[in-house]
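Trainee: Just one file: upload.cif, with mmCIF, N, CA and C atoms and all ligand atoms.
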data_final
#
loop_
_atom_site.label_atom_id
_atom_site.label_comp_id
_atom_site.auth_asym_id
_atom_site.auth_seq_id
_atom_site.Cartn_x
_atom_site.Cartn_y
_atom_site.Cartn_z
N MET A 592 -11.10 16.45 -16.12
CA MET A 592 -12.22 15.73 -15.48
C MET A 592 -11.71 14.43 -14.86
N SER A 593 -12.17 14.13 -13.66
CA SER A 593 -11.68 12.91 -13.03
C SER A 593 -12.43 11.70 -13.59
N GLY A 594 -11.75 10.55 -13.55
CA GLY A 594 -12.30 9.33 -14.14
C GLY A 594 -13.26 8.64 -13.18
N ASN A 595 -13.87 7.58 -13.68
CA ASN A 595 -14.88 6.91 -12.87
C ASN A 595 -14.47 5.49 -12.47
N ARG A 596 -13.18 5.16 -12.61
CA ARG A 596 -12.75 3.83 -12.19
C ARG A 596 -11.52 3.91 -11.30
N THR A 597 -11.47 2.99 -10.34
CA THR A 597 -10.25 2.83 -9.56
C THR A 597 -9.96 1.35 -9.41
N PHE A 598 -8.78 1.07 -8.85
CA PHE A 598 -8.37 -0.32 -8.67
C PHE A 598 -8.07 -0.54 -7.18
N THR A 599 -8.47 -1.70 -6.67
CA THR A 599 -8.20 -2.02 -5.27
C THR A 599 -7.67 -3.44 -5.11
N MET A 600 -6.94 -3.65 -4.03
CA MET A 600 -6.62 -5.01 -3.58
C MET A 600 -6.99 -5.09 -2.11
N ILE A 601 -7.66 -6.19 -1.75
CA ILE A 601 -7.79 -6.54 -0.33
C ILE A 601 -6.55 -7.38 -0.04
N LYS A 602 -5.70 -6.89 0.87
CA LYS A 602 -4.35 -7.43 1.04
C LYS A 602 -4.35 -8.70 1.90
N PRO A 603 -3.20 -9.44 1.89
CA PRO A 603 -3.16 -10.73 2.59
C PRO A 603 -3.56 -10.67 4.07
N ASP A 604 -3.22 -9.59 4.77
CA ASP A 604 -3.58 -9.51 6.20
C ASP A 604 -5.09 -9.56 6.39
N ALA A 605 -5.82 -8.82 5.56
CA ALA A 605 -7.28 -8.76 5.68
C ALA A 605 -7.93 -10.06 5.22
N VAL A 606 -7.37 -10.68 4.18
CA VAL A 606 -7.92 -11.96 3.70
C VAL A 606 -7.72 -13.03 4.78
N GLU A 607 -6.52 -13.07 5.36
CA GLU A 607 -6.21 -14.07 6.41
C GLU A 607 -7.18 -13.97 7.58
N LYS A 608 -7.57 -12.75 7.91
CA LYS A 608 -8.42 -12.55 9.09
C LYS A 608 -9.90 -12.68 8.77
N GLY A 609 -10.23 -13.02 7.52
CA GLY A 609 -11.65 -13.23 7.16
C GLY A 609 -12.42 -11.95 6.93
N HIS A 610 -11.73 -10.89 6.48
CA HIS A 610 -12.41 -9.60 6.32
C HIS A 610 -12.84 -9.28 4.89
N ILE A 611 -12.77 -10.26 3.97
CA ILE A 611 -13.19 -9.96 2.58
C ILE A 611 -14.63 -9.45 2.57
N GLY A 612 -15.51 -10.16 3.23
CA GLY A 612 -16.93 -9.79 3.20
C GLY A 612 -17.18 -8.42 3.81
N GLY A 613 -16.56 -8.15 4.96
CA GLY A 613 -16.75 -6.86 5.63
C GLY A 613 -16.26 -5.71 4.76
N ILE A 614 -15.13 -5.91 4.11
CA ILE A 614 -14.57 -4.84 3.27
C ILE A 614 -15.41 -4.65 2.01
N LEU A 615 -15.84 -5.75 1.38
CA LEU A 615 -16.69 -5.60 0.18
C LEU A 615 -18.00 -4.91 0.54
N ASN A 616 -18.49 -5.18 1.74
CA ASN A 616 -19.73 -4.52 2.17
C ASN A 616 -19.52 -3.01 2.31
N MET A 617 -18.38 -2.60 2.88
CA MET A 617 -18.11 -1.15 2.99
C MET A 617 -17.94 -0.52 1.62
N ILE A 618 -17.32 -1.28 0.69
CA ILE A 618 -17.14 -0.77 -0.68
C ILE A 618 -18.51 -0.57 -1.34
N ALA A 619 -19.40 -1.55 -1.18
CA ALA A 619 -20.75 -1.44 -1.77
C ALA A 619 -21.52 -0.29 -1.13
N GLU A 620 -21.45 -0.19 0.20
CA GLU A 620 -22.17 0.89 0.90
C GLU A 620 -21.62 2.26 0.52
N GLY A 621 -20.34 2.29 0.10
CA GLY A 621 -19.73 3.54 -0.35
C GLY A 621 -20.17 3.94 -1.75
N GLY A 622 -20.97 3.09 -2.39
CA GLY A 622 -21.52 3.45 -3.70
C GLY A 622 -20.70 2.98 -4.89
N PHE A 623 -19.77 2.07 -4.65
CA PHE A 623 -18.92 1.57 -5.75
C PHE A 623 -19.53 0.32 -6.37
N ARG A 624 -19.45 0.24 -7.69
CA ARG A 624 -19.88 -0.95 -8.42
C ARG A 624 -18.65 -1.78 -8.76
N ILE A 625 -18.72 -3.08 -8.56
CA ILE A 625 -17.58 -3.95 -8.90
C ILE A 625 -17.65 -4.27 -10.39
N VAL A 626 -16.61 -3.87 -11.12
CA VAL A 626 -16.55 -4.10 -12.57
C VAL A 626 -15.90 -5.45 -12.86
N SER A 627 -14.79 -5.74 -12.16
CA SER A 627 -14.07 -7.01 -12.28
C SER A 627 -13.54 -7.35 -10.90
N MET A 628 -13.48 -8.66 -10.57
CA MET A 628 -12.94 -9.03 -9.25
C MET A 628 -12.42 -10.45 -9.30
N LYS A 629 -11.29 -10.70 -8.60
CA LYS A 629 -10.80 -12.08 -8.49
C LYS A 629 -10.00 -12.27 -7.22
N LEU A 630 -10.04 -13.52 -6.71
CA LEU A 630 -9.16 -13.95 -5.63
C LEU A 630 -7.93 -14.53 -6.30
N THR A 631 -6.75 -14.05 -5.93
CA THR A 631 -5.53 -14.51 -6.58
C THR A 631 -4.37 -14.41 -5.61
N GLN A 632 -3.21 -14.90 -5.99
CA GLN A 632 -2.03 -14.73 -5.16
C GLN A 632 -0.89 -14.20 -6.02
N LEU A 633 -0.25 -13.14 -5.56
CA LEU A 633 0.84 -12.53 -6.32
C LEU A 633 2.11 -13.37 -6.18
N THR A 634 2.85 -13.53 -7.27
CA THR A 634 4.20 -14.09 -7.18
C THR A 634 5.14 -12.95 -6.76
N VAL A 635 6.36 -13.32 -6.38
CA VAL A 635 7.35 -12.29 -6.04
C VAL A 635 7.57 -11.36 -7.24
N ALA A 636 7.65 -11.93 -8.43
CA ALA A 636 7.86 -11.09 -9.63
C ALA A 636 6.67 -10.15 -9.85
N ASP A 637 5.45 -10.64 -9.63
CA ASP A 637 4.25 -9.78 -9.75
C ASP A 637 4.35 -8.59 -8.79
N ALA A 638 4.63 -8.90 -7.52
CA ALA A 638 4.65 -7.84 -6.50
C ALA A 638 5.78 -6.85 -6.78
N GLN A 639 6.94 -7.34 -7.22
CA GLN A 639 8.05 -6.44 -7.53
C GLN A 639 7.68 -5.51 -8.67
N GLN A 640 6.94 -6.04 -9.65
CA GLN A 640 6.52 -5.21 -10.78
C GLN A 640 5.43 -4.23 -10.36
N PHE A 641 4.44 -4.73 -9.63
CA PHE A 641 3.32 -3.87 -9.23
C PHE A 641 3.81 -2.69 -8.40
N TYR A 642 4.77 -2.95 -7.49
CA TYR A 642 5.26 -1.91 -6.58
C TYR A 642 6.61 -1.34 -7.02
N ALA A 643 6.94 -1.46 -8.31
CA ALA A 643 8.25 -1.02 -8.82
C ALA A 643 8.56 0.42 -8.41
N ILE A 644 7.53 1.25 -8.33
CA ILE A 644 7.74 2.66 -7.97
C ILE A 644 8.38 2.80 -6.58
N HIS A 645 8.20 1.77 -5.73
CA HIS A 645 8.75 1.82 -4.36
C HIS A 645 10.06 1.05 -4.22
N LYS A 646 10.70 0.67 -5.35
CA LYS A 646 11.81 -0.29 -5.23
C LYS A 646 13.04 0.25 -4.50
N GLU A 647 13.18 1.56 -4.43
CA GLU A 647 14.32 2.12 -3.68
C GLU A 647 14.00 2.35 -2.21
N ARG A 648 12.75 2.15 -1.82
CA ARG A 648 12.35 2.43 -0.43
C ARG A 648 12.87 1.34 0.51
N PRO A 649 13.18 1.71 1.74
CA PRO A 649 13.72 0.72 2.69
C PRO A 649 12.74 -0.42 2.98
N PHE A 650 11.45 -0.17 2.80
CA PHE A 650 10.46 -1.20 3.14
C PHE A 650 10.09 -2.09 1.96
N PHE A 651 10.79 -1.94 0.81
CA PHE A 651 10.38 -2.66 -0.40
C PHE A 651 10.38 -4.19 -0.19
N GLY A 652 11.45 -4.71 0.41
CA GLY A 652 11.54 -6.17 0.61
C GLY A 652 10.41 -6.68 1.48
N GLU A 653 10.16 -5.94 2.55
CA GLU A 653 9.08 -6.29 3.48
C GLU A 653 7.72 -6.24 2.77
N LEU A 654 7.54 -5.23 1.92
CA LEU A 654 6.28 -5.05 1.18
C LEU A 654 6.04 -6.23 0.23
N VAL A 655 7.09 -6.64 -0.48
CA VAL A 655 6.95 -7.76 -1.43
C VAL A 655 6.67 -9.06 -0.67
N GLU A 656 7.37 -9.25 0.44
CA GLU A 656 7.15 -10.46 1.24
C GLU A 656 5.70 -10.51 1.76
N PHE A 657 5.25 -9.39 2.27
CA PHE A 657 3.88 -9.30 2.79
C PHE A 657 2.84 -9.56 1.70
N MET A 658 3.01 -8.90 0.56
CA MET A 658 1.98 -8.98 -0.48
C MET A 658 1.92 -10.34 -1.17
N THR A 659 2.96 -11.18 -0.96
CA THR A 659 2.99 -12.50 -1.60
C THR A 659 2.71 -13.63 -0.61
N ARG A 660 2.46 -13.30 0.65
CA ARG A 660 2.39 -14.38 1.65
C ARG A 660 1.05 -15.13 1.66
N GLY A 661 0.06 -14.61 0.97
CA GLY A 661 -1.24 -15.28 0.92
C GLY A 661 -2.10 -14.64 -0.15
N PRO A 662 -3.32 -15.16 -0.30
CA PRO A 662 -4.20 -14.62 -1.34
C PRO A 662 -4.59 -13.17 -1.11
N ILE A 663 -4.91 -12.52 -2.22
CA ILE A 663 -5.47 -11.17 -2.21
C ILE A 663 -6.75 -11.19 -3.04
N VAL A 664 -7.58 -10.15 -2.88
CA VAL A 664 -8.68 -9.92 -3.81
C VAL A 664 -8.34 -8.67 -4.61
N ALA A 665 -8.32 -8.79 -5.93
CA ALA A 665 -8.06 -7.64 -6.82
C ALA A 665 -9.38 -7.26 -7.47
N ALA A 666 -9.66 -5.97 -7.57
CA ALA A 666 -10.93 -5.55 -8.18
C ALA A 666 -10.82 -4.18 -8.84
N ILE A 667 -11.59 -4.02 -9.89
CA ILE A 667 -11.78 -2.71 -10.52
C ILE A 667 -13.15 -2.22 -10.08
N LEU A 668 -13.18 -0.98 -9.59
CA LEU A 668 -14.41 -0.40 -9.04
C LEU A 668 -14.82 0.82 -9.84
N GLU A 669 -16.12 1.04 -9.90
CA GLU A 669 -16.65 2.16 -10.68
C GLU A 669 -17.55 3.04 -9.82
N LYS A 670 -17.37 4.32 -9.97
CA LYS A 670 -18.19 5.34 -9.28
C LYS A 670 -17.72 6.67 -9.83
N GLU A 671 -18.57 7.67 -9.82
CA GLU A 671 -18.10 9.01 -10.18
C GLU A 671 -16.96 9.40 -9.26
N ASN A 672 -15.92 10.03 -9.78
CA ASN A 672 -14.81 10.50 -8.94
C ASN A 672 -14.18 9.36 -8.14
N ALA A 673 -14.02 8.19 -8.80
CA ALA A 673 -13.69 6.95 -8.10
C ALA A 673 -12.39 7.00 -7.31
N VAL A 674 -11.31 7.51 -7.92
CA VAL A 674 -10.00 7.45 -7.25
C VAL A 674 -10.04 8.22 -5.93
N GLU A 675 -10.52 9.47 -5.99
CA GLU A 675 -10.50 10.29 -4.79
C GLU A 675 -11.49 9.76 -3.75
N ASP A 676 -12.69 9.39 -4.18
CA ASP A 676 -13.69 8.92 -3.22
C ASP A 676 -13.26 7.60 -2.58
N PHE A 677 -12.55 6.76 -3.35
CA PHE A 677 -12.12 5.49 -2.75
C PHE A 677 -11.01 5.74 -1.73
N ARG A 678 -10.13 6.68 -2.02
CA ARG A 678 -9.06 6.98 -1.05
C ARG A 678 -9.65 7.56 0.23
N THR A 679 -10.72 8.31 0.10
CA THR A 679 -11.41 8.80 1.30
C THR A 679 -12.00 7.62 2.07
N LEU A 680 -12.62 6.67 1.36
CA LEU A 680 -13.25 5.52 2.02
C LEU A 680 -12.21 4.64 2.72
N ILE A 681 -11.02 4.47 2.12
CA ILE A 681 -10.04 3.57 2.76
C ILE A 681 -9.30 4.26 3.90
N GLY A 682 -9.11 5.56 3.85
CA GLY A 682 -8.41 6.28 4.92
C GLY A 682 -6.91 6.32 4.72
N ALA A 683 -6.21 6.95 5.64
CA ALA A 683 -4.76 7.18 5.53
C ALA A 683 -3.99 5.86 5.48
N THR A 684 -2.82 5.90 4.80
CA THR A 684 -1.95 4.72 4.68
C THR A 684 -1.64 4.13 6.06
N ASN A 685 -1.31 5.00 7.01
CA ASN A 685 -1.05 4.54 8.37
C ASN A 685 -2.38 4.51 9.14
N PRO A 686 -2.83 3.32 9.58
CA PRO A 686 -4.14 3.25 10.24
C PRO A 686 -4.23 4.12 11.48
N ALA A 687 -3.07 4.46 12.08
CA ALA A 687 -3.08 5.35 13.25
C ALA A 687 -3.62 6.73 12.87
N ASP A 688 -3.48 7.09 11.59
CA ASP A 688 -3.96 8.39 11.11
C ASP A 688 -5.30 8.30 10.37
N ALA A 689 -5.84 7.09 10.24
CA ALA A 689 -7.07 6.90 9.43
C ALA A 689 -8.30 7.41 10.19
N ALA A 690 -9.18 8.09 9.46
CA ALA A 690 -10.38 8.67 10.07
C ALA A 690 -11.37 7.56 10.47
N GLU A 691 -12.19 7.89 11.47
CA GLU A 691 -13.29 7.01 11.88
C GLU A 691 -14.16 6.70 10.67
N GLY A 692 -14.63 5.47 10.57
CA GLY A 692 -15.54 5.10 9.49
C GLY A 692 -14.82 4.65 8.23
N THR A 693 -13.49 4.68 8.23
CA THR A 693 -12.75 4.24 7.04
C THR A 693 -12.39 2.75 7.16
N ILE A 694 -12.11 2.16 6.00
CA ILE A 694 -11.77 0.73 5.98
C ILE A 694 -10.50 0.46 6.78
N ARG A 695 -9.49 1.31 6.62
CA ARG A 695 -8.24 1.06 7.35
C ARG A 695 -8.40 1.28 8.85
N LYS A 696 -9.23 2.22 9.25
CA LYS A 696 -9.47 2.41 10.69
C LYS A 696 -10.04 1.13 11.28
N LYS A 697 -10.93 0.49 10.52
CA LYS A 697 -11.60 -0.71 11.04
C LYS A 697 -10.75 -1.96 10.92
N TYR A 698 -10.01 -2.10 9.80
CA TYR A 698 -9.39 -3.40 9.52
C TYR A 698 -7.86 -3.41 9.46
N ALA A 699 -7.19 -2.26 9.35
CA ALA A 699 -5.73 -2.28 9.20
C ALA A 699 -5.04 -2.33 10.56
N THR A 700 -3.83 -2.93 10.58
CA THR A 700 -3.12 -3.02 11.86
C THR A 700 -1.86 -2.17 11.89
N SER A 701 -1.25 -1.89 10.75
CA SER A 701 -0.01 -1.11 10.73
C SER A 701 0.15 -0.44 9.37
N ILE A 702 1.17 0.41 9.25
CA ILE A 702 1.41 1.10 7.97
C ILE A 702 1.73 0.09 6.86
N GLY A 703 2.36 -1.01 7.20
CA GLY A 703 2.67 -2.04 6.20
C GLY A 703 1.47 -2.93 5.94
N GLU A 704 0.87 -3.43 7.02
CA GLU A 704 -0.27 -4.37 6.88
C GLU A 704 -1.55 -3.55 7.01
N ASN A 705 -1.86 -2.87 5.90
CA ASN A 705 -2.93 -1.87 5.99
C ASN A 705 -4.20 -2.25 5.21
N ALA A 706 -4.42 -3.56 5.08
CA ALA A 706 -5.71 -4.14 4.68
C ALA A 706 -6.14 -3.95 3.22
N VAL A 707 -5.96 -2.74 2.69
CA VAL A 707 -6.43 -2.47 1.33
C VAL A 707 -5.49 -1.53 0.58
N HIS A 708 -5.53 -1.66 -0.73
CA HIS A 708 -4.83 -0.73 -1.62
C HIS A 708 -5.87 0.06 -2.40
N GLY A 709 -5.57 1.32 -2.67
CA GLY A 709 -6.41 2.10 -3.58
C GLY A 709 -5.50 2.91 -4.49
N SER A 710 -5.77 2.93 -5.78
CA SER A 710 -4.94 3.69 -6.74
C SER A 710 -4.89 5.16 -6.35
N ASP A 711 -3.74 5.81 -6.65
CA ASP A 711 -3.60 7.21 -6.25
C ASP A 711 -3.85 8.21 -7.38
N SER A 712 -4.15 7.71 -8.58
CA SER A 712 -4.45 8.62 -9.70
C SER A 712 -5.23 7.83 -10.76
N ASP A 713 -5.88 8.56 -11.66
CA ASP A 713 -6.60 7.89 -12.76
C ASP A 713 -5.63 7.09 -13.62
N GLU A 714 -4.44 7.68 -13.84
CA GLU A 714 -3.45 6.99 -14.67
C GLU A 714 -3.03 5.68 -14.02
N ASN A 715 -2.73 5.71 -12.72
CA ASN A 715 -2.32 4.47 -12.04
C ASN A 715 -3.48 3.49 -11.92
N ALA A 716 -4.70 3.98 -11.79
CA ALA A 716 -5.86 3.08 -11.75
C ALA A 716 -5.93 2.26 -13.04
N ALA A 717 -5.68 2.92 -14.17
CA ALA A 717 -5.73 2.21 -15.46
C ALA A 717 -4.57 1.21 -15.57
N ILE A 718 -3.38 1.64 -15.14
CA ILE A 718 -2.20 0.75 -15.22
C ILE A 718 -2.40 -0.46 -14.30
N GLU A 719 -2.84 -0.21 -13.07
CA GLU A 719 -2.98 -1.29 -12.08
C GLU A 719 -4.13 -2.23 -12.45
N GLY A 720 -5.21 -1.67 -12.96
CA GLY A 720 -6.33 -2.52 -13.39
C GLY A 720 -5.90 -3.42 -14.55
N ALA A 721 -5.15 -2.85 -15.48
CA ALA A 721 -4.68 -3.64 -16.63
C ALA A 721 -3.69 -4.71 -16.20
N PHE A 722 -2.90 -4.40 -15.16
CA PHE A 722 -1.93 -5.37 -14.64
C PHE A 722 -2.65 -6.67 -14.24
N HIS A 723 -3.80 -6.54 -13.63
CA HIS A 723 -4.53 -7.72 -13.13
C HIS A 723 -5.59 -8.24 -14.09
N PHE A 724 -6.13 -7.37 -14.94
CA PHE A 724 -7.30 -7.77 -15.74
C PHE A 724 -7.14 -7.39 -17.21
N ALA A 725 -5.91 -7.34 -17.72
CA ALA A 725 -5.69 -6.81 -19.06
C ALA A 725 -6.71 -7.32 -20.07
N GLY A 726 -7.44 -6.40 -20.62
CA GLY A 726 -8.39 -6.74 -21.69
C GLY A 726 -9.61 -7.50 -21.23
N ARG A 727 -9.79 -7.60 -19.92
CA ARG A 727 -10.87 -8.47 -19.46
C ARG A 727 -12.08 -7.73 -18.88
N GLU A 728 -11.97 -6.39 -18.72
CA GLU A 728 -13.12 -5.70 -18.17
C GLU A 728 -14.21 -5.67 -19.24
N GLN A 729 -15.27 -6.39 -18.98
CA GLN A 729 -16.28 -6.62 -20.02
C GLN A 729 -17.48 -5.73 -19.88
N PHE A 730 -17.71 -5.16 -18.69
CA PHE A 730 -19.06 -4.64 -18.43
C PHE A 730 -19.10 -3.13 -18.36
P1 LIG B 1 -0.24 1.11 -0.59
O1 LIG B 1 -0.56 2.55 -0.51
O2 LIG B 1 -1.22 0.14 -1.02
O3 LIG B 1 1.05 0.94 -1.52
C1 LIG B 1 2.35 1.09 -1.01
C2 LIG B 1 2.45 0.28 0.22
O4 LIG B 1 3.71 0.29 0.85
C3 LIG B 1 1.53 0.85 1.27
O5 LIG B 1 0.21 0.62 0.87
C4 LIG B 1 1.98 0.10 2.50
O6 LIG B 1 1.43 -1.21 2.54
C5 LIG B 1 3.47 0.00 2.22
N1 LIG B 1 4.18 0.97 3.02
C6 LIG B 1 4.15 2.31 2.91
N2 LIG B 1 4.96 2.88 3.83
C7 LIG B 1 5.50 1.86 4.53
C8 LIG B 1 6.41 1.79 5.61
N3 LIG B 1 6.92 2.91 6.15
N4 LIG B 1 6.75 0.58 6.08
C9 LIG B 1 6.23 -0.54 5.53
N5 LIG B 1 5.35 -0.54 4.49
C10 LIG B 1 5.00 0.64 4.00
#
Using the file provided, produce a representation of the structure as structure tokens.
Mentor:
Amino acid sequence: MSGNRTFTMIKPDAVEKGHIGGILNMIAEGGFRIVSMKLTQLTVADAQQFYAIHKERPFFGELVEFMTRGPIVAAILEKENAVEDFRTLIGATNPADAAEGTIRKKYATSIGENAVHGSDSDENAAIEGAFHFAGREQF
């Protein structure tokens, strides 16, 4: 059975451009409830740990630099079938491939600066949520 929580970040590109409100509105209209949320900034060590799975990829350095260059919004979201439905709402990693009506179609500019993150599995949703909110989801 699929879980009912996922984890998201509104990335530095979208925060810089003033898109927090627009993206949260699409998340709410998509039927997601915000369980926990904060505005924060990742350190280099945070980003290296969060994206450790990509550490051998050629874009790893660029990814860490991008994700640490300004504030992000981190949030745990709740909805039935949350992981899959949220990935549908955000659209493809590369905005050039993202479907109409998705968050990345509207707000992302490139495969690297793609506005939002969404967990790719229930297991990663739990790990990523704990990374930012360990023991703090109260509701
Ligand atoms: P996300 O799916 O949130 O997590 C991994 C991130 O790596 C991805 O979003 C992109 O921001 C980034 N990424 C993936 N592929 C590339 C690429 N080819 N070049 C630069 N960044 C990438």
Trainee: Step by step, measure atom-to-atom distances between ligand LIG 1 (chain B) and each residue using all atoms listed in the file, keep those at most 8 Å, then write them as a list in words.
Mentor: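 With all atoms listed in the file and a cut-off of 8 Å, ligand LIG 1 (chain B) is contacted by Met600, Tyr642, His645, Pro649, Phe650, Phe651, Glu653, Leu654, Val655, Ala683, Thr684, Asn685, Ser701, Ile702, Gly703, Glu704, Asn705, Ala706, Val707, His708, Gly709, Ser710 and Asp711 of chain A.
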Trainee: When you draw a straight line from atom C of Ile618 (chain A) to atom C of Gly720 (chain A), how long is it in Å?
Mentor: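 Straight-line distance from atom C of Ile618 (chain A) to atom C of Gly720 (chain A) works out to 18.5 Å.
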Trainee: Can you pull out every residue from region 606-730 of chain A that DSSP, working from the backbone, puts in strand (DSSP E or B), and format the result as a list of chain:residue names?
Mentor: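 DSSP-assigned strand (DSSP E or B) residues in region 606-730 of chain A: A:Arg624, A:Ile625, A:Val626, A:Ser627, A:Met628, A:Lys629, A:Leu630, A:Thr631, A:Ile663, A:Val664, A:Ala665, A:Ala666, A:Ile667, A:Leu668, A:Glu669, A:Val707, A:His708, A:Gly709.
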Trainee: Grab the residues selected above and save them as an mmCIF file, in the frame of the given file with N, CA and C atoms.
Mentor:
data_model
loop_
_atom_site.group_PDB
_atom_site.id
_atom_site.type_symbol
_atom_site.label_atom_id
_atom_site.label_comp_id
_atom_site.auth_asym_id
_atom_site.auth_seq_id
_atom_site.Cartn_x
_atom_site.Cartn_y
_atom_site.Cartn_z
ATOM 1 N N ARG A 624 -19.450 0.240 -7.690
ATOM 2 C CA ARG A 624 -19.880 -0.950 -8.420
ATOM 3 C C ARG A 624 -18.650 -1.780 -8.760
ATOM 4 N N ILE A 625 -18.720 -3.080 -8.560
ATOM 5 C CA ILE A 625 -17.580 -3.950 -8.900
ATOM 6 C C ILE A 625 -17.650 -4.270 -10.390
ATOM 7 N N VAL A 626 -16.610 -3.870 -11.120
ATOM 8 C CA VAL A 626 -16.550 -4.100 -12.570
ATOM 9 C C VAL A 626 -15.900 -5.450 -12.860
ATOM 10 N N SER A 627 -14.790 -5.740 -12.160
ATOM 11 C CA SER A 627 -14.070 -7.010 -12.280
ATOM 12 C C SER A 627 -13.540 -7.350 -10.900
ATOM 13 N N MET A 628 -13.480 -8.660 -10.570
ATOM 14 C CA MET A 628 -12.940 -9.030 -9.250
ATOM 15 C C MET A 628 -12.420 -10.450 -9.300
ATOM 16 N N LYS A 629 -11.290 -10.700 -8.600
ATOM 17 C CA LYS A 629 -10.800 -12.080 -8.490
ATOM 18 C C LYS A 629 -10.000 -12.270 -7.220
ATOM 19 N N LEU A 630 -10.040 -13.520 -6.710
ATOM 20 C CA LEU A 630 -9.160 -13.950 -5.630
ATOM 21 C C LEU A 630 -7.930 -14.530 -6.300
ATOM 22 N N THR A 631 -6.750 -14.050 -5.930
ATOM 23 C CA THR A 631 -5.530 -14.510 -6.580
ATOM 24 C C THR A 631 -4.370 -14.410 -5.610
ATOM 25 N N ILE A 663 -4.910 -12.520 -2.220
ATOM 26 C CA ILE A 663 -5.470 -11.170 -2.210
ATOM 27 C C ILE A 663 -6.750 -11.190 -3.040
ATOM 28 N N VAL A 664 -7.580 -10.150 -2.880
ATOM 29 C CA VAL A 664 -8.680 -9.920 -3.810
ATOM 30 C C VAL A 664 -8.340 -8.670 -4.610
ATOM 31 N N ALA A 665 -8.320 -8.790 -5.930
ATOM 32 C CA ALA A 665 -8.060 -7.640 -6.820
ATOM 33 C C ALA A 665 -9.380 -7.260 -7.470
ATOM 34 N N ALA A 666 -9.660 -5.970 -7.570
ATOM 35 C CA ALA A 666 -10.930 -5.550 -8.180
ATOM 36 C C ALA A 666 -10.820 -4.180 -8.840
ATOM 37 N N ILE A 667 -11.590 -4.020 -9.890
ATOM 38 C CA ILE A 667 -11.780 -2.710 -10.520
ATOM 39 C C ILE A 667 -13.150 -2.220 -10.080
ATOM 40 N N LEU A 668 -13.180 -0.980 -9.590
ATOM 41 C CA LEU A 668 -14.410 -0.400 -9.040
ATOM 42 C C LEU A 668 -14.820 0.820 -9.840
ATOM 43 N N GLU A 669 -16.120 1.040 -9.900
ATOM 44 C CA GLU A 669 -16.650 2.160 -10.680
ATOM 45 C C GLU A 669 -17.550 3.040 -9.820
ATOM 46 N N VAL A 707 -5.960 -2.740 2.690
ATOM 47 C CA VAL A 707 -6.430 -2.470 1.330
ATOM 48 C C VAL A 707 -5.490 -1.530 0.580
ATOM 49 N N HIS A 708 -5.530 -1.660 -0.730
ATOM 50 C CA HIS A 708 -4.830 -0.730 -1.620
ATOM 51 C C HIS A 708 -5.870 0.060 -2.400
ATOM 52 N N GLY A 709 -5.570 1.320 -2.670
ATOM 53 C CA GLY A 709 -6.410 2.100 -3.580
ATOM 54 C C GLY A 709 -5.500 2.910 -4.490
#
Trainee: Taking the DSSP assignment computed from this structure's backbone, write out as a ChimeraX atom specification all residues of chain A that belong to helix (DSSP H, G or I).
Mentor: /A:603-607,611-620,635-641,643-645,651-658,673-681,686-688,694-698,713-724
Trainee: Give me, as a ChimeraX atom specification, all polymer residues having an atom no more than 12 Å from Glu620 (chain A), counting only C-alpha atoms and skipping those fewer than 4 positions away in the same chain.
Mentor: /A:613-616,624-625,670,677,680,692-694
Trainee: Nearest residue to Ala699 (chain A) out of A:Asp604, A:Arg596, A:Thr631, A:Gly621, using all atoms listed in the file?
Mentor: A:Asp604
Trainee: Between A:Pro603, A:Pro662, A:Gly609, A:Gly594, single out the one closest to Leu630 (chain A), counting all atoms listed in the file.
Mentor: A:Pro662
Trainee: Smallest atom-to-atom distance to Ser627 (chain A): which of A:Thr679, A:Ile667, A:Pro686, A:Ser712, using only C-alpha atoms?
Mentor: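 Among A:Thr679, A:Ile667, A:Pro686, A:Ser712, it is A:Ile667 that comes nearest to Ser627 (chain A).
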Trainee: Grab the CA of Asp676 (chain A) to atom N of Val626 (chain A) distance for me, in Å with one decimal place.
Mentor: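 Going from CA of Asp676 (chain A) over to atom N of Val626 (chain A), I get 15.3 Å.
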Trainee: With distances taken over only C-alpha atoms, which residue among A:Glu607, A:Glu719, A:Glu671, A:Glu714 lies nearest Ala638 (chain A)?
Mentor: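 Ranking A:Glu607, A:Glu719, A:Glu671, A:Glu714 by distance to Ala638 (chain A), first place goes to A:Glu719.
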Trainee: If I put a ball of radius 8 Å at (-1.4, -12.3, -1.2) in the file's coordinates, which residues poke into it when counting all atoms listed in the file, written as an MDAnalysis selection string?
Mentor: chainID A and resid 601:604 631:634 656:664
Trainee: For the atom pair atom N of Ile611 (chain A) and atom C of His723 (chain A), what is the interatomic distance in Å to one decimal place?
Mentor: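 For atom N of Ile611 (chain A) relative to atom C of His723 (chain A), the distance reads 19.5 Å.
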Trainee: Need to verify the contact set: Ser593 (chain A), 8 Å, all atoms listed in the file, exclusion of same-chain residues closer than 6 positions in sequence. Can you return it as a VMD selection string?
Mentor: chain A and resid 671 to 675 713
